[in-house]
Each structure stands twice: as C-alpha cells, then as structure tokens.
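Peer 1: Provided below: model_14.cif, containing mmCIF, C-alpha atoms.
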```cif
data_model
#
loop_
_atom_site.label_atom_id
_atom_site.label_comp_id
_atom_site.auth_asym_id
_atom_site.auth_seq_id
_atom_site.Cartn_x
_atom_site.Cartn_y
_atom_site.Cartn_z
CA MET F 1 -62.31 159.64 88.60
CA ALA F 2 -65.64 160.18 90.32
CA SER F 3 -67.81 163.08 89.16
CA GLY F 4 -67.57 164.70 92.57
CA LYS F 5 -63.82 165.17 92.12
CA LEU F 6 -64.04 166.73 88.66
CA SER F 7 -63.70 170.46 88.08
CA ALA F 8 -66.03 171.62 85.31
CA LEU F 9 -64.31 174.97 84.95
CA SER F 10 -60.88 173.38 84.66
CA LEU F 11 -62.08 170.92 82.05
CA ILE F 12 -63.76 173.47 79.77
CA THR F 13 -60.99 176.07 80.00
CA SER F 14 -58.10 173.71 79.38
CA THR F 15 -57.18 173.25 75.74
CA ARG F 16 -59.28 170.41 74.30
CA GLU F 17 -60.51 169.35 70.89
CA PHE F 18 -64.17 170.32 71.13
CA SER F 19 -66.61 169.86 68.29
CA SER F 20 -68.26 172.96 66.85
CA SER F 21 -71.45 172.48 68.88
CA GLU F 22 -69.50 171.71 72.06
CA GLN F 23 -67.44 174.87 71.57
CA HIS F 24 -70.70 176.86 71.38
CA ILE F 25 -71.57 175.49 74.83
CA VAL F 26 -68.14 176.39 76.23
CA ASP F 27 -68.23 179.87 74.73
CA TYR F 28 -71.68 180.57 76.12
CA ILE F 29 -70.73 179.42 79.62
CA LEU F 30 -67.56 181.53 79.67
CA GLU F 31 -69.43 184.59 78.40
CA HIS F 32 -72.31 184.14 80.89
CA ARG F 33 -70.58 182.86 84.01
CA ASP F 34 -73.07 184.42 86.40
CA GLU F 35 -76.14 182.75 84.98
CA ALA F 36 -74.84 179.56 83.32
CA PRO F 37 -74.63 177.47 86.55
CA THR F 38 -78.33 178.14 87.30
CA MET F 39 -79.63 177.09 83.89
CA THR F 40 -81.39 173.84 83.14
CA ALA F 41 -80.02 171.66 80.37
CA ALA F 42 -82.86 172.83 78.13
CA GLN F 43 -82.09 176.49 78.82
CA LEU F 44 -78.37 176.07 78.19
CA ALA F 45 -79.08 174.18 74.97
CA ARG F 46 -81.42 176.90 73.73
CA ARG F 47 -79.09 179.77 74.64
CA SER F 48 -76.01 178.08 73.14
CA GLY F 49 -77.83 177.06 69.96
CA THR F 50 -77.40 173.34 70.56
CA SER F 51 -79.66 170.55 71.86
CA GLU F 52 -80.24 168.78 75.17
CA ALA F 53 -78.75 165.63 73.68
CA THR F 54 -75.58 167.55 72.81
CA ILE F 55 -75.46 168.97 76.34
CA SER F 56 -75.77 165.46 77.79
CA ARG F 57 -73.05 164.02 75.53
CA PHE F 58 -70.82 167.00 76.32
CA CYS F 59 -71.11 166.42 80.08
CA LYS F 60 -70.42 162.71 79.77
CA ARG F 61 -67.42 163.33 77.54
CA LEU F 62 -65.96 165.51 80.28
CA GLY F 63 -66.42 162.64 82.73
CA PHE F 64 -69.64 163.64 84.51
CA ASP F 65 -72.46 161.17 85.09
CA ASN F 66 -75.08 163.66 83.99
CA TYR F 67 -75.81 167.36 83.45
CA ARG F 68 -76.72 167.84 87.11
CA SER F 69 -73.25 166.73 88.21
CA PHE F 70 -71.66 169.09 85.68
CA GLN F 71 -73.93 171.94 86.78
CA PHE F 72 -73.07 171.43 90.44
CA SER F 73 -69.33 171.36 89.71
CA LEU F 74 -69.53 174.48 87.54
CA GLY F 75 -71.46 176.35 90.20
CA ARG F 76 -68.98 175.31 92.87
CA ASP F 77 -66.01 176.36 90.73
CA LEU F 78 -67.43 179.76 89.86
CA ALA F 79 -68.41 180.41 93.46
CA LEU F 80 -64.90 179.77 94.75
CA LYS F 81 -63.16 182.74 96.28
CA HIS F 82 -59.50 182.99 97.08
CA ASP F 83 -58.97 185.44 99.93
CA GLY F 84 -62.06 187.33 98.86
CA LEU F 85 -61.17 187.39 95.16
CA ASP F 86 -63.80 186.50 92.58
CA LEU F 87 -63.28 185.17 89.08
CA ASP F 88 -65.03 188.08 87.43
CA GLY F 89 -64.21 191.26 85.57
CA GLU F 90 -62.37 191.88 82.34
CA ILE F 91 -58.71 192.87 82.19
CA SER F 92 -58.45 196.59 81.49
CA LEU F 93 -56.13 199.49 82.22
CA GLU F 94 -59.25 201.43 83.12
CA ASN F 95 -59.52 199.31 86.27
CA VAL F 96 -56.05 198.03 87.12
CA GLU F 97 -56.85 197.03 90.71
CA ASP F 98 -59.77 194.76 89.84
CA SER F 99 -57.92 193.41 86.82
CA LEU F 100 -54.99 192.38 89.02
CA LYS F 101 -57.42 190.68 91.38
CA SER F 102 -58.94 188.73 88.50
CA ILE F 103 -55.52 187.65 87.25
CA LEU F 104 -54.48 186.59 90.76
CA ALA F 105 -57.68 184.64 91.35
CA THR F 106 -57.42 182.91 87.98
CA LYS F 107 -53.80 181.90 88.45
CA MET F 108 -54.41 180.74 92.01
CA GLY F 109 -57.27 178.63 90.69
CA GLU F 110 -54.98 177.06 88.09
CA LEU F 111 -52.35 176.16 90.67
CA GLU F 112 -54.83 174.83 93.20
CA ALA F 113 -56.67 172.67 90.67
CA THR F 114 -53.41 171.36 89.18
CA LEU F 115 -51.85 170.37 92.49
CA ARG F 116 -55.08 168.97 93.93
CA GLY F 117 -55.47 166.86 90.81
CA ILE F 118 -52.09 165.15 91.10
CA ASP F 119 -52.49 161.46 91.86
CA GLY F 120 -50.25 160.28 94.71
CA PRO F 121 -49.24 156.88 93.29
CA THR F 122 -48.54 158.46 89.90
CA VAL F 123 -46.26 161.20 91.21
CA SER F 124 -44.49 158.66 93.42
CA ALA F 125 -43.81 156.40 90.44
CA VAL F 126 -42.69 159.33 88.28
CA VAL F 127 -40.27 160.61 90.93
CA LYS F 128 -38.74 157.15 91.39
CA ARG F 129 -38.27 156.73 87.62
CA LEU F 130 -36.65 160.16 87.32
CA ALA F 131 -34.38 159.57 90.31
CA ALA F 132 -33.18 156.22 88.92
CA ALA F 133 -32.83 157.37 85.30
CA ASN F 134 -29.47 157.15 83.58
CA VAL F 135 -30.45 160.07 81.32
CA ILE F 136 -33.52 162.31 81.27
CA GLN F 137 -34.45 163.99 78.01
CA VAL F 138 -36.97 166.84 78.35
CA VAL F 139 -38.79 167.88 75.17
CA ALA F 140 -41.26 170.60 74.25
CA VAL F 141 -42.08 172.87 71.32
CA GLY F 142 -43.00 176.52 70.95
CA ASN F 143 -44.08 178.38 74.08
CA THR F 144 -43.44 175.34 76.26
CA ASN F 145 -39.70 175.27 75.49
CA SER F 146 -39.08 177.57 78.44
CA VAL F 147 -40.66 174.99 80.78
CA ALA F 148 -38.40 172.27 79.36
CA LEU F 149 -35.35 174.47 79.93
CA ASP F 150 -36.47 175.15 83.51
CA ALA F 151 -36.96 171.42 84.18
CA THR F 152 -33.52 170.63 82.76
CA PHE F 153 -31.91 173.30 84.91
CA LYS F 154 -33.63 172.14 88.11
CA PHE F 155 -33.03 168.42 87.62
CA SER F 156 -29.38 168.99 86.66
CA GLN F 157 -28.89 170.97 89.86
CA LEU F 158 -29.83 167.83 91.78
CA GLY F 159 -27.12 165.82 90.02
CA LEU F 160 -29.39 164.12 87.47
CA ARG F 161 -28.10 163.77 83.90
CA CYS F 162 -30.69 165.84 82.10
CA THR F 163 -30.77 167.43 78.66
CA THR F 164 -33.13 169.27 76.32
CA HIS F 165 -32.90 170.37 72.70
CA GLU F 166 -34.88 173.24 71.21
CA VAL F 167 -34.26 171.91 67.70
CA SER F 168 -36.69 169.02 67.23
CA GLU F 169 -34.45 167.21 64.72
CA ILE F 170 -31.71 166.99 67.36
CA ALA F 171 -34.27 165.84 69.92
CA VAL F 172 -35.38 163.04 67.59
CA GLY F 173 -31.77 161.98 67.08
CA PHE F 174 -31.15 161.87 70.82
CA ALA F 175 -34.38 159.93 71.44
CA LEU F 176 -33.17 157.28 69.01
CA THR F 177 -30.20 156.63 71.33
CA MET F 178 -32.22 156.21 74.52
CA GLN F 179 -32.12 153.04 76.62
CA PRO F 180 -34.73 151.30 78.85
CA GLU F 181 -33.28 152.93 81.97
CA ASP F 182 -33.73 156.41 80.45
CA VAL F 183 -36.73 158.74 80.75
CA LEU F 184 -38.31 161.02 78.18
CA LEU F 185 -40.27 163.86 79.80
CA VAL F 186 -42.66 165.48 77.32
CA ILE F 187 -44.28 168.84 78.11
CA SER F 188 -47.19 169.74 75.84
CA ASN F 189 -50.24 171.83 76.67
CA SER F 190 -52.48 170.28 74.00
CA GLY F 191 -50.80 166.87 73.82
CA ARG F 192 -51.21 166.92 70.03
CA SER F 193 -47.87 168.06 68.64
CA GLN F 194 -46.82 165.85 65.73
CA ARG F 195 -43.15 166.63 66.36
CA LEU F 196 -43.40 165.56 69.99
CA MET F 197 -45.34 162.47 68.96
CA ARG F 198 -42.44 161.40 66.72
CA ILE F 199 -39.93 161.98 69.53
CA ALA F 200 -42.08 160.06 72.04
CA GLN F 201 -42.52 157.16 69.63
CA ALA F 202 -38.77 157.01 68.98
CA ALA F 203 -38.00 156.88 72.72
CA LYS F 204 -40.76 154.37 73.37
CA ASN F 205 -39.47 152.10 70.61
CA ARG F 206 -36.09 152.14 72.37
CA GLY F 207 -37.74 151.01 75.61
CA ALA F 208 -37.42 154.34 77.45
CA CYS F 209 -40.08 155.44 79.96
CA VAL F 210 -42.28 158.23 78.54
CA ILE F 211 -43.80 160.75 80.97
CA VAL F 212 -46.16 163.42 79.66
CA ILE F 213 -47.23 166.70 81.28
CA THR F 214 -50.36 167.91 79.46
CA SER F 215 -53.77 169.49 79.94
CA ASP F 216 -55.55 166.71 78.00
CA GLU F 217 -55.34 163.20 79.44
CA GLN F 218 -57.06 161.80 76.34
CA SER F 219 -54.65 163.38 73.84
CA PRO F 220 -52.50 161.30 71.45
CA LEU F 221 -49.34 162.10 73.45
CA ALA F 222 -50.99 161.08 76.72
CA ARG F 223 -51.93 157.74 75.17
CA GLN F 224 -48.24 157.15 74.34
CA ALA F 225 -47.16 157.73 77.92
CA SER F 226 -46.41 155.39 80.78
CA TYR F 227 -47.39 158.20 83.17
CA VAL F 228 -49.44 161.38 82.68
CA LEU F 229 -49.41 164.45 84.92
CA ARG F 230 -52.33 166.74 84.08
CA THR F 231 -52.14 170.52 84.11
CA VAL F 232 -55.15 172.79 84.61
CA ASN F 233 -55.44 175.85 82.43
CA HIS F 234 -57.88 178.72 83.16
CA GLU F 235 -56.37 181.02 80.56
CA ALA F 236 -59.64 181.21 78.62
CA LEU F 237 -61.09 183.19 81.52
CA LEU F 238 -58.59 185.95 80.81
CA THR F 239 -58.08 185.75 77.06
CA THR F 240 -60.15 183.67 74.67
CA GLY F 241 -61.02 180.05 74.09
CA ASP F 242 -59.18 180.25 70.75
CA PHE F 243 -55.90 180.91 72.54
CA ALA F 244 -55.75 179.22 75.92
CA PHE F 245 -52.18 178.66 77.02
CA SER F 246 -50.53 179.12 80.40
CA LYS F 247 -47.11 177.89 81.51
CA ILE F 248 -47.75 178.38 85.22
CA SER F 249 -49.41 175.02 85.90
CA ALA F 250 -46.78 173.09 83.89
CA MET F 251 -43.99 174.86 85.77
CA ALA F 252 -45.77 174.08 89.05
CA ILE F 253 -45.64 170.36 88.23
CA VAL F 254 -41.93 170.63 87.41
CA GLU F 255 -41.35 172.40 90.73
CA THR F 256 -43.37 169.73 92.54
CA LEU F 257 -41.27 166.95 91.02
CA TYR F 258 -38.11 168.86 92.00
CA TYR F 259 -39.22 169.10 95.64
CA PHE F 260 -40.06 165.40 95.78
CA LEU F 261 -36.79 164.47 94.05
CA LEU F 262 -34.60 166.42 96.47
CA PRO F 263 -34.91 163.99 99.43
CA GLU F 264 -34.86 160.96 97.09
CA ILE F 265 -31.48 161.65 95.52
CA GLU F 266 -28.44 160.79 97.60
CA GLY F 267 -26.14 163.79 97.70
CA GLY F 268 -28.70 166.03 96.02
CA ARG F 269 -28.30 168.90 98.46
CA GLU F 270 -24.50 168.67 98.26
CA HIS F 271 -24.70 168.77 94.46
CA ILE F 272 -26.74 171.98 94.66
CA SER F 273 -24.10 173.47 96.97
CA ARG F 274 -21.27 172.53 94.59
CA TYR F 275 -23.19 174.06 91.71
CA GLU F 276 -23.68 177.30 93.64
CA GLU F 277 -19.96 177.39 94.48
CA LEU F 278 -19.04 177.05 90.80
CA ILE F 279 -21.28 179.92 89.69
CA GLN F 280 -20.55 182.12 92.72
CA PRO F 281 -17.87 184.21 90.89
CA ASP F 282 -20.60 185.33 88.47
CA LYS F 283 -22.58 186.68 91.41
CA ASP F 284 -19.77 188.53 93.21
CA VAL F 285 -19.90 192.29 92.99
CA GLU F 286 -16.64 194.21 93.38
#
```
Turn this file's structure into structure tokens for me.
Peer 2:
Amino acid sequence: MASGKLSALSLITSTREFSSSEQHIVDYILEHRDEAPTMTAAQLARRSGTSEATISRFCKRLGFDNYRSFQFSLGRDLALKHDGLDLDGEISLENVEDSLKSILATKMGELEATLRGIDGPTVSAVVKRLAAANVIQVVAVGNTNSVALDATFKFSQLGLRCTTHEVSEIAVGFALTMQPEDVLLVISNSGRSQRLMRIAQAAKNRGACVIVITSDEQSPLARQASYVLRTVNHEALLTTGDFAFSKISAMAIVETLYYFLLPEIEGGREHISRYEELIQPDKDVE
C-alpha cells in the first residue's frame, strides 16, 4: 500500500506489538495531538525520549517511506472533522455534550477508516468463498465472542450453514473435522491469540479456507490466513494505549460481508422471510 493511502492515526491506535521505545512515541503523540503533527523528527525524538533513528524505523515499520509521509498523514488524520466534530476533549460527566461529540467523532473515524481500507478484490473473494462454503465456522475469544455470535446469526439467516463455539476445546474439535470446501472465519483484534492460532492451524491442515478479521495484518493469525480483512481501532483516543479494544469496526466488516452476501445467495431473501415467520410468534403481543 502506498504511503499516501496509509492512516497514521489508525495505525498507531490499533492494537500492535510496539517496542518500549516505539510505545513512548505513540504515547507522546496521543497525549500531545495538537502539537505532534507540527514537530520535526528531532523534536519528536527529544520529547518522546527516543532518537531520530528510532523515529525513522518506527515510520517505516508502519509502512511510510519516511517521517515526512508519516507526519503528513498524522496531520491530515487529526485535522479531519466529521460534521464539525473534532477528535479532542476527554470523556467526562462534567462535560457530557462535548464528551458525546468526541465519542461520536472517534467511532465515525473508526468506521470510515475500516470501510475505506477494505480491498475490493479481497472482499469479493471472501464473499464468494463464504457463499460457496459447505460449513462456516466462526471463532473468537474473550470480548470478541459477541462478534462471532453476531456473524453466525446473520450468515445463518441467509441460509448458510454457520456455527460458532464459545468453548475453545469444542471449536478445536470442530476444526479438526473441516473439509476443503469449508471456511474458518477468525475474529481477533490483536491477531495473537494462541487458542485461535491452534484452531486456525487445525482447519488449515484439513484444507479449509482461513479468513481473519484483525487490526494487525502482520500478526501471527494474519500470516495463517488465505484472506485478511483489517479493522481500524481508535479506542486509544478514548481510553488508553494499554487497553485498546473496540468491537464496532469488526462488526462493521461482518455487516459488510452480510450485505454483499445477500444478492449472491440464491433464495437468501426468502430464507430470511421464512426465518422471520418461524420466530414471529415470539414477537406477537396479545
């Protein structure tokens, strides 16, 4: 991907395995968002307690040609406004209105960056594999389990044979039964879960297609995948770099796949209607 298409803010706020010195750079930028984009490499190095060489390596690791490209992208990202909303201000009950604006702007930024970053040929290939799959197994751990459940619900509505298991031992057992026409969809923010790695390896060894939704395209899970769909996570702007997790971008990718799958699956709309008819008694009010 060319430097001009990269989002510096998205890259530094998504969960990544930064070194100690690199994390100092990230922390300084997030704590000094107003001034960081105007600093020279030497100034940023001095303020963050690192070196110009570290700054240069950091920028290249993120995919930028040089510090200037990173600086331009960071300045552009932080200057973005969504309907007049700025990415500034802390979340506090002392100022609910501005806090809500900050949350809205941050979440809108996540969604926009995630959807803009989706590669057309990749999503096309993923949708075709899902539509043709005999069985789709969706796996996740911890906070991401809710996204796996949502994906299973949506894909099943379309008439796809889809399953998920919150108990990882059961998920491993199921993965060991998968066939080449099956698909394993892995949802992992960090892409570094050892449990999910074992499940992915089991499915891959059986010849199944492995698709990973993650914020880190260089993670071990991403390297196991046939296809990777990257999420963007700006949670560090609202919380802390030590805990940066947001389900919104992962759920947005699931929704996007659902919308693309709907016209691809013969009888998909009719299957949704039959499903709604079956659950209608639960919705009736006497």
Peer 1: CA of Leu278 (chain F) and CA of Ile248 (chain F), how far apart in Å?
Peer 2: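 These two atoms are separated by 29.3 Å.
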Peer 1: On this file, the PyMOL selection byres ((chain F and resi 157-174) around 10) gives some set of residues; write that set as a VMD selection string.
Peer 2: chain F and resid 130 to 142 145 to 146 148 to 156 175 to 178 182 to 185 195 to 196 198 to 203 258 261 to 263 265 to 276
Peer 1: Grab the CA of Thr54 (chain F) to CA of Thr40 (chain F) distance for me, in Å with one decimal place.
Peer 2: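 So the answer is 13.4 Å.
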Peer 1: On this structure, the PyMOL selection byres ((chain F and resi 42-46) around 12) would catch which residues? List them as an MDAnalysis selection string, sorted by chain and number.
Peer 2: chainID F and resid 21:22 24:29 32:33 35:41 47:58 67:68 71
Peer 1: Using the selection just defined, write its residues with C-alpha atoms as a PDB file, keeping the file's coordinate frame.
Peer 2:
```pdb
ATOM      1  CA  SER F  21     -71.450 172.480  68.880  1.00  0.00           C
ATOM      2  CA  GLU F  22     -69.500 171.710  72.060  1.00  0.00           C
ATOM      3  CA  HIS F  24     -70.700 176.860  71.380  1.00  0.00           C
ATOM      4  CA  ILE F  25     -71.570 175.490  74.830  1.00  0.00           C
ATOM      5  CA  VAL F  26     -68.140 176.390  76.230  1.00  0.00           C
ATOM      6  CA  ASP F  27     -68.230 179.870  74.730  1.00  0.00           C
ATOM      7  CA  TYR F  28     -71.680 180.570  76.120  1.00  0.00           C
ATOM      8  CA  ILE F  29     -70.730 179.420  79.620  1.00  0.00           C
ATOM      9  CA  HIS F  32     -72.310 184.140  80.890  1.00  0.00           C
ATOM     10  CA  ARG F  33     -70.580 182.860  84.010  1.00  0.00           C
ATOM     11  CA  GLU F  35     -76.140 182.750  84.980  1.00  0.00           C
ATOM     12  CA  ALA F  36     -74.840 179.560  83.320  1.00  0.00           C
ATOM     13  CA  PRO F  37     -74.630 177.470  86.550  1.00  0.00           C
ATOM     14  CA  THR F  38     -78.330 178.140  87.300  1.00  0.00           C
ATOM     15  CA  MET F  39     -79.630 177.090  83.890  1.00  0.00           C
ATOM     16  CA  THR F  40     -81.390 173.840  83.140  1.00  0.00           C
ATOM     17  CA  ALA F  41     -80.020 171.660  80.370  1.00  0.00           C
ATOM     18  CA  ARG F  47     -79.090 179.770  74.640  1.00  0.00           C
ATOM     19  CA  SER F  48     -76.010 178.080  73.140  1.00  0.00           C
ATOM     20  CA  GLY F  49     -77.830 177.060  69.960  1.00  0.00           C
ATOM     21  CA  THR F  50     -77.400 173.340  70.560  1.00  0.00           C
ATOM     22  CA  SER F  51     -79.660 170.550  71.860  1.00  0.00           C
ATOM     23  CA  GLU F  52     -80.240 168.780  75.170  1.00  0.00           C
ATOM     24  CA  ALA F  53     -78.750 165.630  73.680  1.00  0.00           C
ATOM     25  CA  THR F  54     -75.580 167.550  72.810  1.00  0.00           C
ATOM     26  CA  ILE F  55     -75.460 168.970  76.340  1.00  0.00           C
ATOM     27  CA  SER F  56     -75.770 165.460  77.790  1.00  0.00           C
ATOM     28  CA  ARG F  57     -73.050 164.020  75.530  1.00  0.00           C
ATOM     29  CA  PHE F  58     -70.820 167.000  76.320  1.00  0.00           C
ATOM     30  CA  TYR F  67     -75.810 167.360  83.450  1.00  0.00           C
ATOM     31  CA  ARG F  68     -76.720 167.840  87.110  1.00  0.00           C
ATOM     32  CA  GLN F  71     -73.930 171.940  86.780  1.00  0.00           C
TER      33      GLN F  71
END
```
Peer 1: List the residues matched by the PyMOL selection byres ((chain F and resi 99-115) around 6) in the displayed structure as an mmCIF file with C-alpha atoms, in the coordinates of the input, ordered by chain and then by residue number.
Peer 2:
```
data_model
loop_
_atom_site.group_PDB
_atom_site.id
_atom_site.type_symbol
_atom_site.label_atom_id
_atom_site.label_comp_id
_atom_site.auth_asym_id
_atom_site.auth_seq_id
_atom_site.Cartn_x
_atom_site.Cartn_y
_atom_site.Cartn_z
ATOM 1 C CA LEU F 85 -61.170 187.390 95.160
ATOM 2 C CA LEU F 87 -63.280 185.170 89.080
ATOM 3 C CA ILE F 91 -58.710 192.870 82.190
ATOM 4 C CA VAL F 96 -56.050 198.030 87.120
ATOM 5 C CA GLU F 97 -56.850 197.030 90.710
ATOM 6 C CA ASP F 98 -59.770 194.760 89.840
ATOM 7 C CA ARG F 116 -55.080 168.970 93.930
ATOM 8 C CA GLY F 117 -55.470 166.860 90.810
ATOM 9 C CA ILE F 118 -52.090 165.150 91.100
ATOM 10 C CA THR F 231 -52.140 170.520 84.110
ATOM 11 C CA VAL F 232 -55.150 172.790 84.610
ATOM 12 C CA ASN F 233 -55.440 175.850 82.430
ATOM 13 C CA HIS F 234 -57.880 178.720 83.160
ATOM 14 C CA SER F 249 -49.410 175.020 85.900
#
```
Peer 1: How far is it from CA of Leu74 (chain F) to CA of Leu6 (chain F), in Å with one decimal?
Peer 2: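 Atom-to-atom, CA of Leu74 (chain F) to CA of Leu6 (chain F), that is 9.6 Å.
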Peer 1: Point out the residue among F:Ile279, F:Ala252, F:Leu257, F:Val186 with the least atom-to-atom distance to Gly120 (chain F), counting only C-alpha atoms.
Peer 2: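 Selected residue with least distance to Gly120 (chain F): F:Leu257.
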